[in-house]
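**Q** You'll find structure_36.pdb just under this line, and it carries PDB, C-alpha atoms.
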```
ATOM      1  CA  MET A   1     126.234  59.869  88.193
ATOM      2  CA  THR A   2     128.670  57.357  89.654
ATOM      3  CA  ILE A   3     130.475  57.600  92.976
ATOM      4  CA  ALA A   4     133.754  58.076  91.079
ATOM      5  CA  GLN A   5     132.276  60.948  89.050
ATOM      6  CA  ALA A   6     130.975  62.614  92.216
ATOM      7  CA  ALA A   7     134.391  62.225  93.835
ATOM      8  CA  GLN A   8     136.035  63.912  90.856
ATOM      9  CA  ILE A   9     133.574  66.828  90.945
ATOM     10  CA  ILE A  10     134.307  67.590  94.604
ATOM     11  CA  ASP A  11     138.000  66.693  94.451
ATOM     12  CA  ALA A  12     137.515  63.844  96.913
ATOM     13  CA  ALA A  13     139.710  60.852  97.609
ATOM     14  CA  ILE A  14     138.036  57.440  97.811
ATOM     15  CA  LEU A  15     139.365  56.024 101.080
ATOM     16  CA  SER A  16     137.338  52.826 101.234
ATOM     17  CA  GLY A  17     134.985  50.904  98.971
ATOM     18  CA  LYS A  18     136.831  51.481  95.724
ATOM     19  CA  ALA A  19     134.934  48.465  94.342
ATOM     20  CA  GLN A  20     131.772  50.597  94.561
ATOM     21  CA  ALA A  21     133.249  53.496  92.543
ATOM     22  CA  ASP A  22     131.152  52.650  89.459
ATOM     23  CA  LYS A  23     127.919  52.420  91.447
ATOM     24  CA  GLU A  24     125.221  54.908  90.414
ATOM     25  CA  ILE A  25     124.001  57.476  92.929
ATOM     26  CA  VAL A  26     120.738  59.293  92.389
ATOM     27  CA  SER A  27     120.816  62.003  95.065
ATOM     28  CA  ALA A  28     122.917  63.689  97.737
ATOM     29  CA  CYS A  29     122.374  65.030 101.235
ATOM     30  CA  GLY A  30     124.553  67.267 103.402
ATOM     31  CA  SER A  31     123.978  66.937 107.141
ATOM     32  CA  ASP A  32     125.765  66.517 110.448
ATOM     33  CA  MET A  33     122.540  65.354 112.123
ATOM     34  CA  MET A  34     121.968  61.643 111.574
ATOM     35  CA  SER A  35     118.381  61.986 112.815
ATOM     36  CA  ASP A  36     117.682  64.332 109.868
ATOM     37  CA  VAL A  37     119.370  61.889 107.492
ATOM     38  CA  MET A  38     117.123  59.104 108.777
ATOM     39  CA  ALA A  39     114.013  61.274 108.507
ATOM     40  CA  PHE A  40     114.579  62.924 105.139
ATOM     41  CA  PHE A  41     117.148  61.084 103.008
ATOM     42  CA  HIS A  42     116.514  57.980 100.965
ATOM     43  CA  GLY A  43     118.989  55.377  99.762
ATOM     44  CA  GLN A  44     121.217  55.032  96.711
ATOM     45  CA  GLY A  45     122.809  58.386  97.357
ATOM     46  CA  LEU A  46     125.790  60.225  98.740
ATOM     47  CA  LEU A  47     125.815  61.581 102.287
ATOM     48  CA  LEU A  48     128.119  64.535 102.906
ATOM     49  CA  THR A  49     128.967  65.198 106.546
ATOM     50  CA  GLY A  50     131.555  66.629 108.885
ATOM     51  CA  LEU A  51     130.554  64.289 111.694
ATOM     52  CA  ILE A  52     133.326  61.806 112.437
ATOM     53  CA  ASN A  53     131.619  58.970 114.242
ATOM     54  CA  VAL A  54     131.026  55.272 113.558
ATOM     55  CA  GLN A  55     127.284  56.015 113.766
ATOM     56  CA  VAL A  56     127.568  57.795 110.399
ATOM     57  CA  ILE A  57     128.520  54.492 108.764
ATOM     58  CA  ARG A  58     125.814  52.616 110.674
ATOM     59  CA  THR A  59     123.208  55.198 109.621
ATOM     60  CA  ALA A  60     124.338  54.957 105.996
ATOM     61  CA  ASN A  61     123.952  51.186 106.131
ATOM     62  CA  LEU A  62     120.507  51.407 107.749
ATOM     63  CA  MET A  63     119.274  53.911 105.156
ATOM     64  CA  ASP A  64     120.826  52.076 102.159
ATOM     65  CA  ILE A  65     123.149  55.012 101.403
ATOM     66  CA  SER A  66     125.800  54.095  98.843
ATOM     67  CA  ALA A  67     128.588  56.467  99.868
ATOM     68  CA  VAL A  68     129.645  58.849 102.632
ATOM     69  CA  CYS A  69     131.886  61.842 102.018
ATOM     70  CA  PHE A  70     133.584  63.549 104.933
ATOM     71  CA  VAL A  71     133.971  67.270 104.262
ATOM     72  CA  ARG A  72     136.237  70.027 105.610
ATOM     73  CA  GLY A  73     139.251  67.722 105.580
ATOM     74  CA  LYS A  74     137.806  65.443 108.273
ATOM     75  CA  LYS A  75     139.390  62.002 108.277
ATOM     76  CA  PRO A  76     137.575  58.860 109.441
ATOM     77  CA  ASN A  77     139.471  56.401 111.637
ATOM     78  CA  GLN A  78     140.395  52.887 110.565
ATOM     79  CA  ASP A  79     137.464  51.300 112.449
ATOM     80  CA  MET A  80     135.050  53.412 110.410
ATOM     81  CA  LEU A  81     136.797  52.511 107.162
ATOM     82  CA  ASP A  82     136.785  48.804 108.024
ATOM     83  CA  LEU A  83     133.083  48.870 108.894
ATOM     84  CA  ALA A  84     132.257  50.734 105.680
ATOM     85  CA  GLU A  85     134.240  48.215 103.652
ATOM     86  CA  GLU A  86     132.358  45.370 105.339
ATOM     87  CA  MET A  87     129.023  47.083 104.602
ATOM     88  CA  GLU A  88     130.050  47.903 100.993
ATOM     89  CA  ILE A  89     129.753  51.652 101.555
ATOM     90  CA  ALA A  90     132.230  53.879  99.741
ATOM     91  CA  VAL A  91     133.973  56.440 101.948
ATOM     92  CA  LEU A  92     135.229  59.667 100.418
ATOM     93  CA  GLN A  93     137.070  62.640 101.883
ATOM     94  CA  THR A  94     137.282  66.199 100.561
ATOM     95  CA  ASN A  95     138.801  69.402 101.894
ATOM     96  CA  LEU A  96     135.838  71.404 100.581
ATOM     97  CA  PRO A  97     133.283  72.838 103.007
ATOM     98  CA  MET A  98     129.916  71.062 102.962
ATOM     99  CA  PHE A  99     128.084  73.957 101.282
ATOM    100  CA  THR A 100     130.598  74.141  98.426
ATOM    101  CA  ALA A 101     130.677  70.369  97.911
ATOM    102  CA  CYS A 102     126.875  70.170  97.829
ATOM    103  CA  GLY A 103     126.719  73.131  95.438
ATOM    104  CA  LYS A 104     129.202  71.577  93.022
ATOM    105  CA  LEU A 105     127.266  68.297  92.985
ATOM    106  CA  TYR A 106     123.968  70.110  92.452
ATOM    107  CA  GLU A 107     125.483  72.161  89.651
ATOM    108  CA  ALA A 108     126.645  68.909  88.030
ATOM    109  CA  GLY A 109     123.072  67.592  88.036
ATOM    110  CA  LEU A 110     122.821  65.591  91.271
ATOM    111  CA  SER A 111     119.610  66.406  93.101
ATOM    112  CA  GLY A 112     118.689  66.314  96.748
ATOM    113  CA  THR A 113     115.769  64.500  98.295
ATOM    114  CA  SER A 114     112.791  66.655  99.218
ATOM    115  CA  ALA A 115     109.095  66.263  99.827
ATOM    116  CA  GLU A 116     108.465  67.372  96.219
ATOM    117  CA  ASP A 117     110.613  64.466  94.948
ATOM    118  CA  GLU A 118     108.486  61.809  96.638
TER
END
```
Once you've parsed the file, please lay out its structure as structure tokens.
**A**
Amino acid sequence: MTIAQAAQIIDAAILSGKAQADKEIVSACGSDMMSDVMAFFHGQGLLLTGLINVQVIRTANLMDISAVCFVRGKKPNQDMLDLAEEMEIAVLQTNLPMFTACGKLYEAGLSGTSAEDE
């Protein structure tokens, strides 16, 4: 699934990194705890979060995450968007709650990352 396809499924706007819209993602993770993302999520995926903080973008870069989607109508500030653009990370925004967004992506065939997947 591409970032653009995932955005369509969860009715998300691509705020930054439109050049990455055709990039393939292989998994998704929903978390507001960046320590859990670092411990359990592997790259080339989509991170869904309600945490509005520049550390989300830095964590995504560190973990080779392709895209970040802010849920519940949360809007990242311009500094976050600029950093994501520089790091070639797509930034999406949806009004859906995290649980619903994750469920829609799972239903569409995008898996999560778990111990069984490794």
**Q** Considering only C-alpha atoms, can you say which of A:Asn95, A:Gln8, A:Gln44, A:Ser66 comes closest to Ala108 (chain A)?
**A** A:Gln8
**Q** Using only C-alpha atoms, which residues sit within 7 Å of region 99-107 of chain A once same-chain residues fewer than 2 positions away are excluded, as number ranges by chain?
**A** A: 6, 9-10, 30, 96-97, 109-111
**Q** Select, from A:Met38, A:Thr2, A:Ala7, A:Leu83, the residue with the minimum atom-to-atom distance to Glu24 (chain A), counting all atoms listed in the file.
**A**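 Ranking A:Met38, A:Thr2, A:Ala7, A:Leu83 by distance to Glu24 (chain A), first place goes to A:Thr2.
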**Q** Once the PyMOL selection byres ((chain A and resi 73) around 10) is applied to the coordinates I shared, what remains selected? I want it as an mmCIF file with C-alpha atoms, in the coordinates of the input.
**A**
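Once everything was written out, this is expr_13.cif:
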```
data_model
loop_
_atom_site.group_PDB
_atom_site.id
_atom_site.type_symbol
_atom_site.label_atom_id
_atom_site.label_comp_id
_atom_site.auth_asym_id
_atom_site.auth_seq_id
_atom_site.Cartn_x
_atom_site.Cartn_y
_atom_site.Cartn_z
ATOM 1 C CA ALA A 12 137.515 63.844 96.913
ATOM 2 C CA GLY A 50 131.555 66.629 108.885
ATOM 3 C CA PHE A 70 133.584 63.549 104.933
ATOM 4 C CA VAL A 71 133.971 67.270 104.262
ATOM 5 C CA ARG A 72 136.237 70.027 105.610
ATOM 6 C CA LYS A 74 137.806 65.443 108.273
ATOM 7 C CA LYS A 75 139.390 62.002 108.277
ATOM 8 C CA PRO A 76 137.575 58.860 109.441
ATOM 9 C CA GLN A 93 137.070 62.640 101.883
ATOM 10 C CA THR A 94 137.282 66.199 100.561
ATOM 11 C CA ASN A 95 138.801 69.402 101.894
ATOM 12 C CA LEU A 96 135.838 71.404 100.581
ATOM 13 C CA PRO A 97 133.283 72.838 103.007
#
```
**Q** For the atom pair CA of Ile89 (chain A) and CA of Ala13 (chain A), what is the interatomic distance in Å to one decimal place?
**A** 14.1 Å
**Q** In Å, rounded to a single decimal, give me how far CA of Thr49 (chain A) is from CA of Ala4 (chain A).
**A**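 Distance reported for this atom pair: 17.7 Å.
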**Q** Select, from A:Leu15, A:Glu85, A:Met1, A:Leu62, the residue with the minimum atom-to-atom distance to Ala39 (chain A), counting all atoms listed in the file.
**A** A:Leu62
**Q** So which residues fall inside 10 Å of (125.1, 60.4, 99.2) if we count only C-alpha atoms? Mind giving them as a PyMOL selection string?
**A** chain A and resi 3+6+25-30+41-49+60+64-69+90+110+112
**Q** Which residue is closest to Met63 (chain A)? Choose from A:Leu81, A:Ala19, A:Leu92, A:Val37 and count all atoms listed in the file.
**A**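 Comparing A:Leu81, A:Ala19, A:Leu92, A:Val37 against Met63 (chain A), the winner is A:Val37.
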**Q** Calculate how many Å separate CA of Ser31 (chain A) from CA of Val56 (chain A), rounding to one decimal.
**A**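 Taking CA of Ser31 (chain A) and CA of Val56 (chain A), their separation equals 10.3 Å.
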**Q** Build an axis-aligned box that encloses every atom of region 73-88 of chain A listed in the file, pad it by 3 Å on each side, and report its centre and edge lengths in Å to one decimal, as lines of an AutoDock Vina configuration file.
**A**
```
center_x = 134.7
center_y = 56.5
center_z = 106.7
size_x = 17.4
size_y = 28.4
size_z = 17.5
```
**Q** With N, CA and C atoms as the target, complete region 40-69 of chain A and hand it back as a CSV table (one decimal), in the frame of the given file.
**A**
```csv
chain,number,residue,atom,x,y,z
A,40,PHE,N,114.8,62.3,106.4
A,40,PHE,CA,114.6,62.9,105.1
A,40,PHE,C,115.3,62.4,103.9
A,41,PHE,N,116.3,61.5,104.1
A,41,PHE,CA,117.1,61.1,103.0
A,41,PHE,C,116.9,59.6,102.7
A,42,HIS,N,116.8,59.3,101.4
A,42,HIS,CA,116.5,58.0,101.0
A,42,HIS,C,117.8,57.4,100.3
A,43,GLY,N,117.8,56.1,100.2
A,43,GLY,CA,119.0,55.4,99.8
A,43,GLY,C,119.5,55.7,98.4
A,44,GLN,N,120.5,55.0,98.0
A,44,GLN,CA,121.2,55.0,96.7
A,44,GLN,C,121.8,56.4,96.5
A,45,GLY,N,122.3,57.1,97.5
A,45,GLY,CA,122.8,58.4,97.4
A,45,GLY,C,124.1,58.6,98.1
A,46,LEU,N,124.5,59.8,98.1
A,46,LEU,CA,125.8,60.2,98.7
A,46,LEU,C,125.5,61.1,99.9
A,47,LEU,N,126.0,60.8,101.1
A,47,LEU,CA,125.8,61.6,102.3
A,47,LEU,C,127.1,62.4,102.5
A,48,LEU,N,127.0,63.7,102.6
A,48,LEU,CA,128.1,64.5,102.9
A,48,LEU,C,128.0,65.0,104.4
A,49,THR,N,129.0,64.8,105.1
A,49,THR,CA,129.0,65.2,106.5
A,49,THR,C,130.3,65.6,107.1
A,50,GLY,N,130.3,66.3,108.2
A,50,GLY,CA,131.6,66.6,108.9
A,50,GLY,C,131.6,65.9,110.2
A,51,LEU,N,130.6,65.1,110.5
A,51,LEU,CA,130.6,64.3,111.7
A,51,LEU,C,131.4,63.1,111.6
A,52,ILE,N,132.4,63.0,112.4
A,52,ILE,CA,133.3,61.8,112.4
A,52,ILE,C,132.9,60.9,113.6
A,53,ASN,N,132.2,59.9,113.2
A,53,ASN,CA,131.6,59.0,114.2
A,53,ASN,C,131.2,57.7,113.5
A,54,VAL,N,131.4,56.6,114.2
A,54,VAL,CA,131.0,55.3,113.6
A,54,VAL,C,129.5,55.2,113.3
A,55,GLN,N,128.7,56.0,114.0
A,55,GLN,CA,127.3,56.0,113.8
A,55,GLN,C,126.9,56.5,112.4
A,56,VAL,N,127.8,57.3,111.8
A,56,VAL,CA,127.6,57.8,110.4
A,56,VAL,C,127.5,56.6,109.5
A,57,ILE,N,128.5,55.7,109.6
A,57,ILE,CA,128.5,54.5,108.8
A,57,ILE,C,127.3,53.6,109.1
A,58,ARG,N,127.0,53.4,110.3
A,58,ARG,CA,125.8,52.6,110.7
A,58,ARG,C,124.5,53.2,110.1
A,59,THR,N,124.4,54.5,110.2
A,59,THR,CA,123.2,55.2,109.6
A,59,THR,C,123.2,55.0,108.1
A,60,ALA,N,124.3,55.2,107.4
A,60,ALA,CA,124.3,55.0,106.0
A,60,ALA,C,123.9,53.5,105.6
A,61,ASN,N,124.3,52.6,106.4
A,61,ASN,CA,124.0,51.2,106.1
A,61,ASN,C,122.4,51.0,106.3
A,62,LEU,N,121.9,51.5,107.4
A,62,LEU,CA,120.5,51.4,107.7
A,62,LEU,C,119.6,52.0,106.7
A,63,MET,N,120.1,53.2,106.1
A,63,MET,CA,119.3,53.9,105.2
A,63,MET,C,119.6,53.6,103.7
A,64,ASP,N,120.4,52.5,103.5
A,64,ASP,CA,120.8,52.1,102.2
A,64,ASP,C,121.5,53.2,101.4
A,65,ILE,N,122.4,54.0,102.0
A,65,ILE,CA,123.1,55.0,101.4
A,65,ILE,C,124.4,54.4,100.8
A,66,SER,N,124.7,54.7,99.6
A,66,SER,CA,125.8,54.1,98.8
A,66,SER,C,127.2,54.6,99.2
A,67,ALA,N,127.3,55.9,99.6
A,67,ALA,CA,128.6,56.5,99.9
A,67,ALA,C,128.5,57.6,100.9
A,68,VAL,N,129.5,57.8,101.7
A,68,VAL,CA,129.6,58.8,102.6
A,68,VAL,C,130.9,59.6,102.3
A,69,CYS,N,130.7,61.0,102.2
A,69,CYS,CA,131.9,61.8,102.0
A,69,CYS,C,132.1,62.7,103.2
```
